Protein chains: 2
Amino acid sequence: MERATLAIWKERVENELDRVVMFWTKYSHDSQHGGFFTCLTKEGHVYDDLKYVWLQGRQVWMYCRLYRKLQRFHWPEILDAAKAGGEFLIRHARVAPPAKKCAFVLTRDGRPAKVQRTIFSECFYTMAMDELWRATGDPRYQKEAVEMMDQIVYWVRVDPTGLGQPQLSGTVKADPMAVPMMLLNLVDQLGEDDDVMSRKYWELGEWCTENILKHLQRDGKVVLENVTVDGKEIPGCLGRQQNPGHALEAGWFLLRHAIRQRDAERKALIIEKFILQPFQSGWDTENGGIFYFQDADKFCPTQLEWDMKLWWPHNEAMIAFLMSYNETRDPMLLQLFCQVAEYAFEKFSDPEHGEWYGYLNREGKVVLNFKGGPFKGCFHVPRCLYMCEELFKALLMTS
Amino acid sequence: MERATLAIWKERVENELDRVVMFWTKYSHDSQHGGFFTCLTKEGHVYDDLKYVWLQGRQVWMYCRLYRKLQRFHWPEILDAAKAGGEFLIRHARVAPPAKKCAFVLTRDGRPAKVQRTIFSECFYTMAMDELWRATGDPRYQKEAVEMMDQIVYWVRVDPTGLGQPQLSGTVKADPMAVPMMLLNLVDQLGEDDDVMSRKYWELGEWCTENILKHLQRDGKVVLENVTVDGKEIPGCLGRQQNPGHALEAGWFLLRHAIRQRDAERKALIIEKFILQPFQSGWDTENGGIFYFQDADKFCPTQLEWDMKLWWPHNEAMIAFLMSYNETRDPMLLQLFCQVAEYAFEKFSDPEHGEWYGYLNREGKVVLNFKGGPFKGCFHVPRCLYMCEELFKALLMTS
C-alpha cells in the first residue's frame, strides 16, 4: 500500500519537475546580459526586467544542482545558463567592490537599484558559487563562495557594522530565526562530501542549531520567529509572530543536519516540535492550505497577507514530511505528505504552462496569477520536487 | 429627493462619527506617557504598545480639529489628550534633536525604534502642531509646525541628503505622488484663514499642484503613482503602478486647492481625471469595493494585497464625491457618494464596538479584525465623517 503511494507520487513529482524546468529554461534566460528574468506572467512573458539578487543566486544554484544530480537535466544549456548567471553575479552583485555587500535588486544590465541591510543576498550568492564550483570544477567559484561565507559569518558573529543597520535606543535586539537557518543551510551546502569544509564549519553548525532551537518557546509549545539574543520572548506583535512554513523549513534544515550528525534524540525532537506542531497550528482545517502568519496569542496578525496560502510553505512541508517519513517510516508522516501535496498539486500547479502559481487567497483561489515575481523565482518548487524525487528513489530502493 | 438623501446621510455620518470618537477616546489614551495606543483589537484591547509617529500626529490633528470645529466634541478631555500627544511628540519624535529627522516608530515611553528615510513622519508632526496651535492658541506649537515645514520643504526642493536615502547608479529617480500630495495638504493646513501663511506657501502650492498633475499620464487616461522627475512614464511595475484610493485622495486635495483659488477649469479637470476616472478603474464591479493596487497595462500587481478592499480608499472616495457634488450639484456625483458609502457602512462599520474594520478580502469579508494597527489609527474614518458632516450641512443650507 505505502509502496504504491510512493511509486505514484514519485512519478507525479518527476513529471511536475519536468514541466517546471521547461518553464524556466524557455522563458527566463537573459541571453544578452546573463542572469535571469524572474518577473514572468503565467504564460512566461516578462512583465519587469529587474534582477533580484536572491532569485539570481537561487536559480544558479538550482540549475547546477539539477545538472549535477539528475541525469535527465545534464544539459549543456542548463550549465551554460547557470555559468552566465554566476558571472553576472560576480560582475554586478557587489555594490562597491571589493567590499562584499551585495545589492538586493539590480537593473537588467547589472546596476544596483536597492540594497538591504541584511545578509541574505550574500547568502544566496554563496549558495550559487559553491554549487557552480561543484558543477564546473572551476576553483574560482569555490573561492568566491568561501570568501563571501567568511564575510557573512563575520557580520553575524563578530561585527555587523558593515551591514549598515542603524542603532537606535528603542530597537529591540531581536534575533530573527532566518539568520541561523540560512547559515545552517550554507554549512550543509559547503560541507557536502567535503571533510575539510565540514570540519571548518562544524562549530558554526552547532551555533546555528542552538540559535534555531532557542526559537522554540513556551515550554516547547510554539516556534516564534523573533526572540531576544539570550532566547527570551519579546513582547508585542514582533515577539508573538509565527510563520508555520518557515518553521517547517527550519525543521528540515535541522533534521538534515541531525541526520548527518546521527543524533537520534535530536531528530525526534525536531520532527515533533518543528514539523508536526507548526503544521498542526498552521494548517487551515476549513479550507486546506497553510496560513502565512499567525500570532501565538491568537490575536489577528498585522500582516495584510496573513491568511493567504503561499506556494513555498507547501513546498517546505512536503520536504519536511517526506524526509521525516524516510527517517522514521511512520505512515502518519507519509499521509501528511500526501495531504499537503494533494492540496499543492491541485491548487498551485499549472499543467498547461508549467511552474506553479504562488499566491492563493484563504479559500485557495489564485489571487496573483504570475509564475515569477520579486520574491518567486526558480527555487522553492523545483528544489522541493527534486528533493522529493530523490527521497522517493531512496524509499523505493529500501522499502 | 436629493435633499432627503442629504438629510439621511447627514444623520448616518453624524451617528457614525459619534461611535468612532467614542472608541478612540475610550481605549487609545496612554495616560502614563501621553500619546496614543493604536494597536487595538475590535473590542479596543491593546495588543501592542508601539507608537507609530504618523498615527500619533494624525490623532493629535484629528482631536484638535473635532474640538475646534464641532461643538459636540468641544470636550476638555479631547483637548487634553491632544496636548498630551503633542507634548509626547515634541519630547520624543526627533531621533537626534535638535536635528529634525523624526522616527517612524517609538516605544511606548518614546525611544526611537525605527526610522524611515522619507518625509512623512515629519509631515504628520507638522499637521499635528499646526492644528494644536489653532486649538490652544499656544504659539509654541505654531513655531514647531513652521520650523518642521521649512525643514521638509528644504529636503524636498533643495537637498535630500538629511533623509539618508542611498544613491545607487541603478535606482530610477522616481517621483512618488505622495510627496506633492502631502505637501499640498500641509499648504492648505498652514494657510487656513491665515493670509500671511497663505502668501508664504502660495508658490509651494503651485509647485505641488504641477507635481501632482504630472502623474496624469497616457493622454490623460491614467494616474500613475510614480513618474520621472520630468514627468515621463517609468518602465516596469514601479511605473505602471496605480492606487485608485490614493488618486481619489489626491483628487480632493487638488479640488480643495482649486476651490480656494477659484479655478473653474482646473476643478472640472480634477473631477474627471483624478476622481471619476480612478474610481471607474478601481471599483470592483463584481463584488463592490475599491481595489488597493492596479497595473496600468492590466498585468497582475506584485503586491500580495492588491485585490483587498482597504477602509481608507473608501473614505477618500466619499470625501471626493461629496466635495465634487457640492461644487457641481451633478446628481451622478451624489449617487456615487451613496454607492461607496453604502458599501463602506455595510462592510467596514462595527455598530457594536465602534470604529471601522480596515481590511476586507476581495469579496468584502473582514480579514484583519482589529480596529487599529501599525497603519490604521484615529484618522481616515473620522476625518471622512467629519468632512462629510460639514459638507452635508453646507449642502442642506443652500439646497
# chains A, B, ... in the order shown; residues from 1 in each chain; ligands from 1
call {"tool": "closest_atom_pairs", "arguments": {"of": "chain B", "to": "chain A", "cutoff": "7 Å", "atoms": "only C-alpha atoms", "output": "tab-separated table"}}
result
residue	atom	partner	partner_atom	distance
B:Tyr47	CA	A:Gly236	CA	6.8
B:Asp48	CA	A:Gly236	CA	4.8
B:Leu106	CA	A:Gly170	CA	6.7
B:Thr107	CA	A:Gly170	CA	5.9
B:Arg111	CA	A:Gly170	CA	4.5
B:Pro112	CA	A:Gly170	CA	4.7
B:Ala113	CA	A:Thr171	CA	4.2
B:Lys114	CA	A:Thr171	CA	6.9
B:Leu168	CA	A:Pro112	CA	6.0
B:Ser169	CA	A:Arg111	CA	5.9
B:Gly170	CA	A:Ala113	CA	4.3
B:Thr171	CA	A:Ala113	CA	4.2
B:Gly236	CA	A:Asp48	CA	4.8
B:Cys237	CA	A:Asp48	CA	6.2
B:Cys300	CA	A:Leu368	CA	6.1
B:Thr302	CA	A:Gly373	CA	6.7
B:Leu304	CA	A:Glu305	CA	6.5
B:Glu305	CA	A:Glu305	CA	6.4
B:Leu368	CA	A:Cys300	CA	6.1
B:Asn369	CA	A:Cys300	CA	6.5
B:Phe370	CA	A:Cys300	CA	6.9
B:Gly373	CA	A:Thr302	CA	6.7
call {"tool": "write_last_selection", "arguments": {"atoms": "C-alpha atoms", "output": "compact mmCIF listing (two decimals), in the first residue's frame"}}
result
# COMPACT_ATOMS: atom_id res chain seq x y z
CA TYR B 47 -2.38 44.15 21.52
CA ASP B 48 0.87 46.09 21.03
CA LEU B 106 8.69 54.83 19.08
CA THR B 107 8.47 52.57 22.10
CA ARG B 111 12.55 55.73 22.47
CA PRO B 112 13.07 55.54 18.69
CA ALA B 113 12.65 52.01 17.31
CA LYS B 114 12.64 52.60 13.54
CA LEU B 168 22.80 53.99 -6.32
CA SER B 169 23.60 54.01 -10.02
CA GLY B 170 20.65 51.75 -10.91
CA THR B 171 17.95 53.46 -8.85
CA GLY B 236 8.31 48.20 -15.32
CA CYS B 237 5.99 47.54 -12.39
CA CYS B 300 -1.21 41.35 -12.14
CA THR B 302 3.02 42.22 -7.42
CA LEU B 304 0.11 40.50 -2.32
CA GLU B 305 -2.75 42.67 -1.05
CA LEU B 368 -7.91 41.55 9.72
CA ASN B 369 -10.38 42.07 12.50
CA PHE B 370 -8.58 44.73 14.54
CA GLY B 373 -2.79 48.72 13.72
call {"tool": "residues_around", "arguments": {"residues": "Lys376 of chain A", "least_positions_apart": "4", "cutoff": "8 Å", "atoms": "only C-alpha atoms", "output": "PyMOL selection string"}}
result
chain A and resi 38+55+358+371-372
call {"tool": "select_by_dssp", "arguments": {"residues": "segment 161-267 of chain B", "states": "alpha helix (DSSP H)", "output": "ChimeraX atom specification"}}
result
/B:178-191,195-200,202-213,237-240,244-260,264-267
call {"tool": "residues_around", "arguments": {"residues": "Met397 of chain A", "least_positions_apart": "2", "cutoff": "12 Å", "atoms": "only C-alpha atoms", "output": "number ranges by chain"}}
result
A: 3, 6-7, 326, 390-395, 399
call {"tool": "residues_around", "arguments": {"residues": "Pro331 of chain B", "least_positions_apart": "5", "cutoff": "9 Å", "atoms": "only C-alpha atoms", "output": "list in words"}}
result
Glu2, Tyr325 and Leu336 of chain B
call {"tool": "select_by_dssp", "arguments": {"residues": "segment 286-372 of chain B", "states": "strand (DSSP E)", "output": "list in words"}}
result
Gln294, Asp295, Lys309, Leu310, Tyr359, Leu360, Val366, Val367 and Leu368 of chain B
call {"tool": "atom_distance", "arguments": {"atom1": "atom CA of Glu342 of chain B", "atom2": "atom CA of Leu70 of chain B"}}
result
24.3 Å
call {"tool": "decode", "arguments": {"residues": "segment 90-116 of chain B", "atoms": "N, CA, C and O atoms", "output": "PDB file, in the first residue's frame"}}
result
ATOM      1  N   ILE B  90       6.718  66.257  20.753  1.00  0.00           N
ATOM      2  CA  ILE B  90       7.791  67.255  20.901  1.00  0.00           C
ATOM      3  C   ILE B  90       8.964  66.665  21.691  1.00  0.00           C
ATOM      4  O   ILE B  90      10.117  66.851  21.334  1.00  0.00           O
ATOM      5  N   ARG B  91       8.649  65.907  22.732  1.00  0.00           N
ATOM      6  CA  ARG B  91       9.708  65.306  23.546  1.00  0.00           C
ATOM      7  C   ARG B  91      10.450  64.192  22.823  1.00  0.00           C
ATOM      8  O   ARG B  91      11.657  64.059  22.968  1.00  0.00           O
ATOM      9  N   HIS B  92       9.723  63.377  22.046  1.00  0.00           N
ATOM     10  CA  HIS B  92      10.315  62.108  21.606  1.00  0.00           C
ATOM     11  C   HIS B  92      10.435  61.878  20.098  1.00  0.00           C
ATOM     12  O   HIS B  92      11.192  60.986  19.697  1.00  0.00           O
ATOM     13  N   ALA B  93       9.695  62.615  19.283  1.00  0.00           N
ATOM     14  CA  ALA B  93       9.645  62.222  17.860  1.00  0.00           C
ATOM     15  C   ALA B  93      10.996  62.341  17.173  1.00  0.00           C
ATOM     16  O   ALA B  93      11.361  61.497  16.348  1.00  0.00           O
ATOM     17  N   ARG B  94      11.763  63.386  17.490  1.00  0.00           N
ATOM     18  CA  ARG B  94      13.057  63.575  16.825  1.00  0.00           C
ATOM     19  C   ARG B  94      14.042  62.505  17.286  1.00  0.00           C
ATOM     20  O   ARG B  94      14.187  62.256  18.483  1.00  0.00           O
ATOM     21  N   VAL B  95      14.769  61.941  16.339  1.00  0.00           N
ATOM     22  CA  VAL B  95      15.701  60.863  16.665  1.00  0.00           C
ATOM     23  C   VAL B  95      16.930  61.414  17.379  1.00  0.00           C
ATOM     24  O   VAL B  95      17.423  60.822  18.340  1.00  0.00           O
ATOM     25  N   ALA B  96      17.456  62.532  16.885  1.00  0.00           N
ATOM     26  CA  ALA B  96      18.680  63.107  17.460  1.00  0.00           C
ATOM     27  C   ALA B  96      18.543  64.621  17.471  1.00  0.00           C
ATOM     28  O   ALA B  96      19.127  65.317  16.653  1.00  0.00           O
ATOM     29  N   PRO B  97      17.706  65.150  18.392  1.00  0.00           N
ATOM     30  CA  PRO B  97      17.494  66.602  18.425  1.00  0.00           C
ATOM     31  C   PRO B  97      18.817  67.336  18.672  1.00  0.00           C
ATOM     32  O   PRO B  97      19.695  66.755  19.332  1.00  0.00           O
ATOM     33  N   PRO B  98      18.996  68.538  18.171  1.00  0.00           N
ATOM     34  CA  PRO B  98      17.959  69.359  17.527  1.00  0.00           C
ATOM     35  C   PRO B  98      17.701  69.019  16.063  1.00  0.00           C
ATOM     36  O   PRO B  98      16.855  69.666  15.456  1.00  0.00           O
ATOM     37  N   ALA B  99      18.426  68.042  15.462  1.00  0.00           N
ATOM     38  CA  ALA B  99      18.115  67.671  14.080  1.00  0.00           C
ATOM     39  C   ALA B  99      16.642  67.275  13.996  1.00  0.00           C
ATOM     40  O   ALA B  99      16.102  66.705  14.950  1.00  0.00           O
ATOM     41  N   LYS B 100      16.002  67.608  12.870  1.00  0.00           N
ATOM     42  CA  LYS B 100      14.547  67.473  12.812  1.00  0.00           C
ATOM     43  C   LYS B 100      14.058  66.110  12.341  1.00  0.00           C
ATOM     44  O   LYS B 100      12.868  65.821  12.362  1.00  0.00           O
ATOM     45  N   LYS B 101      14.950  65.245  11.883  1.00  0.00           N
ATOM     46  CA  LYS B 101      14.509  63.926  11.409  1.00  0.00           C
ATOM     47  C   LYS B 101      13.773  63.183  12.517  1.00  0.00           C
ATOM     48  O   LYS B 101      14.268  63.054  13.635  1.00  0.00           O
ATOM     49  N   CYS B 102      12.577  62.708  12.194  1.00  0.00           N
ATOM     50  CA  CYS B 102      11.738  62.032  13.188  1.00  0.00           C
ATOM     51  C   CYS B 102      11.767  60.529  12.987  1.00  0.00           C
ATOM     52  O   CYS B 102      12.006  60.030  11.886  1.00  0.00           O
ATOM     53  N   ALA B 103      11.487  59.798  14.058  1.00  0.00           N
ATOM     54  CA  ALA B 103      11.382  58.341  13.970  1.00  0.00           C
ATOM     55  C   ALA B 103      10.082  57.953  13.268  1.00  0.00           C
ATOM     56  O   ALA B 103       9.161  58.762  13.117  1.00  0.00           O
ATOM     57  N   PHE B 104      10.006  56.716  12.858  1.00  0.00           N
ATOM     58  CA  PHE B 104       8.775  56.149  12.300  1.00  0.00           C
ATOM     59  C   PHE B 104       7.981  55.446  13.400  1.00  0.00           C
ATOM     60  O   PHE B 104       6.770  55.556  13.471  1.00  0.00           O
ATOM     61  N   VAL B 105       8.689  54.742  14.272  1.00  0.00           N
ATOM     62  CA  VAL B 105       8.064  54.072  15.420  1.00  0.00           C
ATOM     63  C   VAL B 105       8.839  54.412  16.679  1.00  0.00           C
ATOM     64  O   VAL B 105      10.073  54.448  16.658  1.00  0.00           O
ATOM     65  N   LEU B 106       8.101  54.619  17.765  1.00  0.00           N
ATOM     66  CA  LEU B 106       8.690  54.827  19.083  1.00  0.00           C
ATOM     67  C   LEU B 106       8.189  53.731  20.012  1.00  0.00           C
ATOM     68  O   LEU B 106       7.099  53.187  19.821  1.00  0.00           O
ATOM     69  N   THR B 107       8.989  53.425  21.030  1.00  0.00           N
ATOM     70  CA  THR B 107       8.470  52.573  22.099  1.00  0.00           C
ATOM     71  C   THR B 107       7.402  53.360  22.865  1.00  0.00           C
ATOM     72  O   THR B 107       7.272  54.579  22.697  1.00  0.00           O
ATOM     73  N   ARG B 108       6.661  52.651  23.710  1.00  0.00           N
ATOM     74  CA  ARG B 108       5.598  53.316  24.476  1.00  0.00           C
ATOM     75  C   ARG B 108       6.130  54.537  25.214  1.00  0.00           C
ATOM     76  O   ARG B 108       5.467  55.576  25.276  1.00  0.00           O
ATOM     77  N   ASP B 109       7.352  54.431  25.778  1.00  0.00           N
ATOM     78  CA  ASP B 109       7.897  55.549  26.546  1.00  0.00           C
ATOM     79  C   ASP B 109       8.724  56.511  25.688  1.00  0.00           C
ATOM     80  O   ASP B 109       9.387  57.404  26.223  1.00  0.00           O
ATOM     81  N   GLY B 110       8.716  56.308  24.370  1.00  0.00           N
ATOM     82  CA  GLY B 110       9.251  57.338  23.486  1.00  0.00           C
ATOM     83  C   GLY B 110      10.654  57.126  22.940  1.00  0.00           C
ATOM     84  O   GLY B 110      11.224  58.045  22.347  1.00  0.00           O
ATOM     85  N   ARG B 111      11.233  55.941  23.073  1.00  0.00           N
ATOM     86  CA  ARG B 111      12.549  55.726  22.468  1.00  0.00           C
ATOM     87  C   ARG B 111      12.389  55.314  21.006  1.00  0.00           C
ATOM     88  O   ARG B 111      11.509  54.510  20.687  1.00  0.00           O
ATOM     89  N   PRO B 112      13.239  55.846  20.119  1.00  0.00           N
ATOM     90  CA  PRO B 112      13.070  55.542  18.692  1.00  0.00           C
ATOM     91  C   PRO B 112      13.366  54.073  18.395  1.00  0.00           C
ATOM     92  O   PRO B 112      14.376  53.534  18.842  1.00  0.00           O
ATOM     93  N   ALA B 113      12.476  53.427  17.639  1.00  0.00           N
ATOM     94  CA  ALA B 113      12.654  52.011  17.315  1.00  0.00           C
ATOM     95  C   ALA B 113      12.935  51.813  15.826  1.00  0.00           C
ATOM     96  O   ALA B 113      13.626  50.875  15.451  1.00  0.00           O
ATOM     97  N   LYS B 114      12.368  52.665  14.980  1.00  0.00           N
ATOM     98  CA  LYS B 114      12.638  52.598  13.542  1.00  0.00           C
ATOM     99  C   LYS B 114      12.575  53.987  12.942  1.00  0.00           C
ATOM    100  O   LYS B 114      11.785  54.824  13.377  1.00  0.00           O
ATOM    101  N   VAL B 115      13.396  54.199  11.902  1.00  0.00           N
ATOM    102  CA  VAL B 115      13.390  55.468  11.179  1.00  0.00           C
ATOM    103  C   VAL B 115      13.169  55.160   9.709  1.00  0.00           C
ATOM    104  O   VAL B 115      13.718  54.190   9.194  1.00  0.00           O
ATOM    105  N   GLN B 116      12.320  55.932   9.045  1.00  0.00           N
ATOM    106  CA  GLN B 116      12.153  55.808   7.589  1.00  0.00           C
ATOM    107  C   GLN B 116      12.890  56.950   6.915  1.00  0.00           C
ATOM    108  O   GLN B 116      12.915  58.064   7.438  1.00  0.00           O
TER     109      GLN B 116
END
